[in-house]
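J.: What follows is a structure written as structure tokens; I'll ask about it next.
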Amino acid sequence: MKKIYTLACGILVSGFAFAQQSVPATPGNGRPVNFTRTVPPTAQTSQSIYVDYDFMDEAWQTANTGAYTRYIWDMNMNYDYAAGDTSLKYAIVDFSALYDSYNDPGNPNFTAIPFSTYNSITIDSVFVAGGHENNSGQNDTILCKIIGLNAAGYPQTSSVLNTTSIVGNTALGDPANDWFTTSVFGFAPAYTINNNTQKFGVMIEYHGATQDTFGIICGFGDLGAGNCTSLPTLPNFAVESNFAPNSYRHDMRFALPPYNIQTLPTSTGADTYYDCDGSGNYSSGSDSENFLQNWTIWVKVTMNGVGVEEQGNSGIALDQNIPNPTNGNTIINYNIANAGNVQLEVYDVTGQLVETVDQGAQLAGRHQIDLNTANYAAGVYYYSLNVDGVKVTRRMVVAK
């Protein structure tokens with residue numbers, strides 16, 4: 001992986017023929033901040049989930065490295081680096097891999113949901129954790145843009161699929177008018193991507209007067225101070241996110257000549273890091289990553305048409321299994337509009353067939369299957385009712 005490495009006295013862009021430049025070691029005006037996520041109750045349908053990389057990486061890092069730290073970073077599309085403003089303009093999270101972040105029983109060993117299990121996806125809500133203060137009395141605007149990703153999953157900032165906004169001339173969020181007093185900003189794009197191949201990202205922009213301040217929280221696994229040999233005053237030794245690269249930003253220092261890099265990480269994976277071992281090259285595990293690992297931006301999405309067809313158009317009504325989660329016998333009720341040959345197929349999250357229950361020829365009407373999951377490993381599964389080749393699928397959880 002190519003990285004741009006930063007030292008206290010300058011930077012070197014590894015893999016690029018650029019001269020060394022004198023710039024600050026830490027981008028922007030990031031400040032430590034405390035933030036505790038309020039996880040919503042499990043009230044989703046079988047097709048609706050929350051995808052939250054920051055939450056997932058916190059679970060993994062605290063279980064393995066023992067610490068997770070969050071900084072808040074101010075940004076503004078109207079900032080001017082030459083005028084001495086902060087270096088960050090926008091933040092992006094790519095959601096090219098979908099996880100049930102709050103209900104995966106394998107937490108923190110999360111498993112991505114295969115795109116092949118649904119036909120389209122609706123981005124119901126977007127949540128951003130940050131702070132805002134308004135000192136000008138002028139309108140400030142936070143834009144939430146749903147953007148497309150290329151085939152490799154890299155954000156395409158010019159491919160804007162949907163835009164929602166929050167506008168106000170007082171503090172947006174907490175009324176304290178202090179951008180360190182953080183809130184959760186919510187957007188409701190309710191935007192549907194009508195296939196399961198177009199992956200998406202969320203881009204947050206802030207447009208406001210330069211005397212106003214807006215910031216977004218970003219988290220990282222933290223080994224603490226004093227662990228960077230070549231820069232012992234570095235306050236945090238940051239561990240690379242288990243979901244990297246998922247968070248991107250526009251850093252004006254690198255957007256200027258001679259670098260001309262609009263978005264970091266770059267499409268080739270180059271990013272900033274601290275050369276803690278003094279080798280002059282990036283050394284995974286020996287060098288500290290930057291502090292912009294996981295933007296605290298998450299989404300609630302609904303997977304539509306799970307299976308081959310929507311239930312309403314298939315003549316099949318497949319109910320959610322009861323109980324769910326389950327660790328033994330679970331009841332699956334269904335109704336078929338026409339007589340046919342019926343099979344229940346159960347798949348794990350990798351798409352592997354786990355079990356087939358053959359019901360044979362059945363008359364139109366309501367039926368029931370008693371499925372025994374006692375021998376299933378804990379995890380997320382998909383059960384599909386197949387009636388003469390037409391499938392409808394739901395999701396269930398097996399907990400041990």
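Ordering of the structure tokens sets the chain letters (A, B, ...), residue numbers begin anew at 1 in every chain, and ligands are numbered from 1 in the order given.
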Extract, using only C-alpha atoms, all DNA, RNA and protein residues at most 9 Å from A:Asp277, discarding same-chain residues fewer than 5 positions from it, and format them as an MDAnalysis selection string.
T.: chainID A and resid 228:230 282:283 286:287
J.: Output N, CA and C atoms for every residue in that selection, as a short mmCIF file (atom, residue, chain, number, x, y, z; two decimals), in the first residue's frame.
T.:
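This is the output file selection07.cif:
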```cif
data_model
loop_
_atom_site.label_atom_id
_atom_site.label_comp_id
_atom_site.auth_asym_id
_atom_site.auth_seq_id
_atom_site.Cartn_x
_atom_site.Cartn_y
_atom_site.Cartn_z
N CYS A 228 5.90 6.28 19.35
CA CYS A 228 6.49 6.65 18.06
C CYS A 228 7.94 7.07 18.33
N THR A 229 8.89 6.21 18.00
CA THR A 229 10.29 6.42 18.39
C THR A 229 10.87 7.70 17.80
N SER A 230 10.59 7.93 16.51
CA SER A 230 11.18 9.10 15.87
C SER A 230 10.46 10.39 16.22
N TYR A 282 7.09 3.26 4.53
CA TYR A 282 5.96 2.84 5.37
C TYR A 282 6.17 1.42 5.88
N SER A 283 6.05 1.25 7.18
CA SER A 283 6.18 -0.06 7.81
C SER A 283 4.90 -0.34 8.60
N SER A 286 4.62 -0.68 12.54
CA SER A 286 5.70 0.08 13.18
C SER A 286 5.49 1.57 13.08
N ASP A 287 4.73 2.00 12.07
CA ASP A 287 4.45 3.41 11.86
C ASP A 287 3.02 3.72 12.25
#
```
J.: Using DSSP on the backbone, list every residue of stretch 52-244 of chain A that comes out as strand (DSSP E), and give them as a ChimeraX atom specification.
T.: /A:68-74,88-94,120-133,140-149,155-168,183-187,191-193,200-207,213-222,238-239
J.: Only C-alpha atoms, please: the residues just picked out, written as a PDB file, in the first residue's frame.
T.:
```
ATOM      1  CA  TYR A  68     -10.083   3.808  20.904  1.00  0.00           C
ATOM      2  CA  THR A  69      -9.785   7.578  20.564  1.00  0.00           C
ATOM      3  CA  ARG A  70     -11.879  10.135  18.707  1.00  0.00           C
ATOM      4  CA  TYR A  71     -10.868  13.577  17.445  1.00  0.00           C
ATOM      5  CA  ILE A  72     -13.167  16.239  16.054  1.00  0.00           C
ATOM      6  CA  TRP A  73     -11.997  17.933  12.849  1.00  0.00           C
ATOM      7  CA  ASP A  74     -13.268  21.263  11.582  1.00  0.00           C
ATOM      8  CA  LEU A  88     -10.033  19.998   5.476  1.00  0.00           C
ATOM      9  CA  LYS A  89     -12.982  20.649   3.174  1.00  0.00           C
ATOM     10  CA  TYR A  90     -15.169  17.505   3.018  1.00  0.00           C
ATOM     11  CA  ALA A  91     -15.529  14.021   4.476  1.00  0.00           C
ATOM     12  CA  ILE A  92     -16.597  10.823   2.701  1.00  0.00           C
ATOM     13  CA  VAL A  93     -17.420   7.317   3.891  1.00  0.00           C
ATOM     14  CA  ASP A  94     -17.738   4.597   1.281  1.00  0.00           C
ATOM     15  CA  SER A 120     -31.931  -2.873  -4.663  1.00  0.00           C
ATOM     16  CA  ILE A 121     -31.197  -0.807  -1.596  1.00  0.00           C
ATOM     17  CA  THR A 122     -32.807   2.267  -0.029  1.00  0.00           C
ATOM     18  CA  ILE A 123     -30.650   4.649   2.001  1.00  0.00           C
ATOM     19  CA  ASP A 124     -33.287   5.592   4.574  1.00  0.00           C
ATOM     20  CA  SER A 125     -31.223   7.750   6.944  1.00  0.00           C
ATOM     21  CA  VAL A 126     -27.740   9.179   7.337  1.00  0.00           C
ATOM     22  CA  PHE A 127     -26.317  10.141  10.741  1.00  0.00           C
ATOM     23  CA  VAL A 128     -23.305  12.383  11.380  1.00  0.00           C
ATOM     24  CA  ALA A 129     -21.716  12.966  14.795  1.00  0.00           C
ATOM     25  CA  GLY A 130     -20.148  16.388  15.149  1.00  0.00           C
ATOM     26  CA  GLY A 131     -20.487  19.938  16.397  1.00  0.00           C
ATOM     27  CA  HIS A 132     -21.374  23.372  15.072  1.00  0.00           C
ATOM     28  CA  GLU A 133     -21.295  26.943  16.243  1.00  0.00           C
ATOM     29  CA  ASP A 140     -24.825  27.818   7.382  1.00  0.00           C
ATOM     30  CA  THR A 141     -25.547  24.669   5.374  1.00  0.00           C
ATOM     31  CA  ILE A 142     -24.592  21.027   5.906  1.00  0.00           C
ATOM     32  CA  LEU A 143     -24.996  18.993   2.715  1.00  0.00           C
ATOM     33  CA  CYS A 144     -25.387  15.226   2.760  1.00  0.00           C
ATOM     34  CA  LYS A 145     -24.649  13.796  -0.679  1.00  0.00           C
ATOM     35  CA  ILE A 146     -25.160  10.202  -1.758  1.00  0.00           C
ATOM     36  CA  ILE A 147     -22.397   9.610  -4.299  1.00  0.00           C
ATOM     37  CA  GLY A 148     -21.456   6.763  -6.593  1.00  0.00           C
ATOM     38  CA  LEU A 149     -18.325   4.631  -6.274  1.00  0.00           C
ATOM     39  CA  PRO A 155     -15.547   7.600  -4.239  1.00  0.00           C
ATOM     40  CA  GLN A 156     -16.581   9.611  -7.292  1.00  0.00           C
ATOM     41  CA  THR A 157     -17.218  13.096  -5.933  1.00  0.00           C
ATOM     42  CA  SER A 158     -18.780  14.281  -9.211  1.00  0.00           C
ATOM     43  CA  SER A 159     -21.291  11.406  -9.258  1.00  0.00           C
ATOM     44  CA  VAL A 160     -23.951  12.895  -6.958  1.00  0.00           C
ATOM     45  CA  LEU A 161     -27.049  10.680  -6.783  1.00  0.00           C
ATOM     46  CA  ASN A 162     -28.986  12.538  -4.092  1.00  0.00           C
ATOM     47  CA  THR A 163     -28.581  15.627  -1.871  1.00  0.00           C
ATOM     48  CA  THR A 164     -30.287  16.559   1.408  1.00  0.00           C
ATOM     49  CA  SER A 165     -29.393  19.476   3.661  1.00  0.00           C
ATOM     50  CA  ILE A 166     -29.693  21.210   7.020  1.00  0.00           C
ATOM     51  CA  VAL A 167     -29.720  25.046   6.961  1.00  0.00           C
ATOM     52  CA  GLY A 168     -29.753  27.485   9.872  1.00  0.00           C
ATOM     53  CA  SER A 183     -24.673  16.274  18.529  1.00  0.00           C
ATOM     54  CA  VAL A 184     -25.941  13.765  15.982  1.00  0.00           C
ATOM     55  CA  PHE A 185     -27.156  15.363  12.761  1.00  0.00           C
ATOM     56  CA  GLY A 186     -29.762  13.313  10.905  1.00  0.00           C
ATOM     57  CA  PHE A 187     -30.666  13.295   7.214  1.00  0.00           C
ATOM     58  CA  TYR A 191     -32.983   7.304  -1.854  1.00  0.00           C
ATOM     59  CA  THR A 192     -33.247   3.957  -3.658  1.00  0.00           C
ATOM     60  CA  ILE A 193     -30.469   2.506  -5.776  1.00  0.00           C
ATOM     61  CA  PHE A 200     -22.544   4.130  -2.771  1.00  0.00           C
ATOM     62  CA  GLY A 201     -20.810   6.540  -0.454  1.00  0.00           C
ATOM     63  CA  VAL A 202     -21.873   9.445   1.762  1.00  0.00           C
ATOM     64  CA  MET A 203     -20.168  12.817   1.323  1.00  0.00           C
ATOM     65  CA  ILE A 204     -20.625  15.559   3.939  1.00  0.00           C
ATOM     66  CA  GLU A 205     -19.934  19.183   3.015  1.00  0.00           C
ATOM     67  CA  TYR A 206     -20.255  22.310   5.145  1.00  0.00           C
ATOM     68  CA  HIS A 207     -20.855  25.702   3.545  1.00  0.00           C
ATOM     69  CA  THR A 213     -17.208  26.323  12.784  1.00  0.00           C
ATOM     70  CA  PHE A 214     -18.447  22.849  11.880  1.00  0.00           C
ATOM     71  CA  GLY A 215     -16.651  19.638  12.787  1.00  0.00           C
ATOM     72  CA  ILE A 216     -17.069  15.882  12.338  1.00  0.00           C
ATOM     73  CA  ILE A 217     -15.739  13.236  14.698  1.00  0.00           C
ATOM     74  CA  CYS A 218     -13.255  10.640  13.482  1.00  0.00           C
ATOM     75  CA  GLY A 219     -12.064   7.598  15.451  1.00  0.00           C
ATOM     76  CA  PHE A 220      -9.027   5.316  15.501  1.00  0.00           C
ATOM     77  CA  GLY A 221      -7.456   2.512  17.488  1.00  0.00           C
ATOM     78  CA  ASP A 222      -4.956   4.101  19.875  1.00  0.00           C
ATOM     79  CA  ALA A 238      -2.892   5.232  15.652  1.00  0.00           C
ATOM     80  CA  VAL A 239      -3.637   1.705  14.445  1.00  0.00           C
TER      81      VAL A 239
END
```
J.: Could you check the closest approach to A:Pro232 for each of A:Asn281, A:Gln61, A:Ser116, A:Ser288 and tell me which residue wins, using only C-alpha atoms?
T.: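 For A:Pro232, the nearest of the candidates is A:Ser288.
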J.: So what do you get for atom CA of A:Ser136 versus atom CA of A:Ile297, distance-wise?
T.: 26.6 Å
J.: Considering only helix (DSSP H, G or I) as DSSP defines it on the backbone, what residues of stretch 75-148 of chain A qualify? List them as a PyMOL selection string.
T.: chain A and resi 81-83+115-117
J.: Take the residues from that selection and write them out as a JSON list (two decimals), in the first residue's frame, keeping N, CA and C atoms.
T.:
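Saved to selection21.json:
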```json
[["chain", "number", "residue", "atom", "x", "y", "z"],
["A", 81, "TYR", "N", -6.74, 27.70, 2.33],
["A", 81, "TYR", "CA", -5.51, 27.28, 2.99],
["A", 81, "TYR", "C", -4.48, 28.41, 3.00],
["A", 82, "ALA", "N", -4.41, 29.18, 1.90],
["A", 82, "ALA", "CA", -3.45, 30.29, 1.82],
["A", 82, "ALA", "C", -3.73, 31.35, 2.87],
["A", 83, "ALA", "N", -4.99, 31.43, 3.29],
["A", 83, "ALA", "CA", -5.37, 32.42, 4.31],
["A", 83, "ALA", "C", -5.15, 31.90, 5.73],
["A", 115, "PHE", "N", -23.96, -8.86, -1.63],
["A", 115, "PHE", "CA", -24.83, -8.03, -2.45],
["A", 115, "PHE", "C", -25.82, -8.87, -3.24],
["A", 116, "SER", "N", -25.51, -10.14, -3.44],
["A", 116, "SER", "CA", -26.39, -11.00, -4.24],
["A", 116, "SER", "C", -27.69, -11.35, -3.54],
["A", 117, "THR", "N", -27.83, -10.97, -2.26],
["A", 117, "THR", "CA", -29.02, -11.37, -1.51],
["A", 117, "THR", "C", -30.19, -10.41, -1.66]]
```
J.: Here is a test: counting only C-alpha atoms, which residue of A:Asp174, A:Asp54, A:Trp60, A:Ala378 is nearest to A:Ser247?
T.: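 The answer is A:Asp54, which sits nearest to A:Ser247.
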J.: Smallest atom-to-atom distance to A:Gly66: which of A:Gln198, A:Leu223, A:Ser96, A:Glu240, using only C-alpha atoms?
T.: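 The closest residue to A:Gly66 is A:Leu223.
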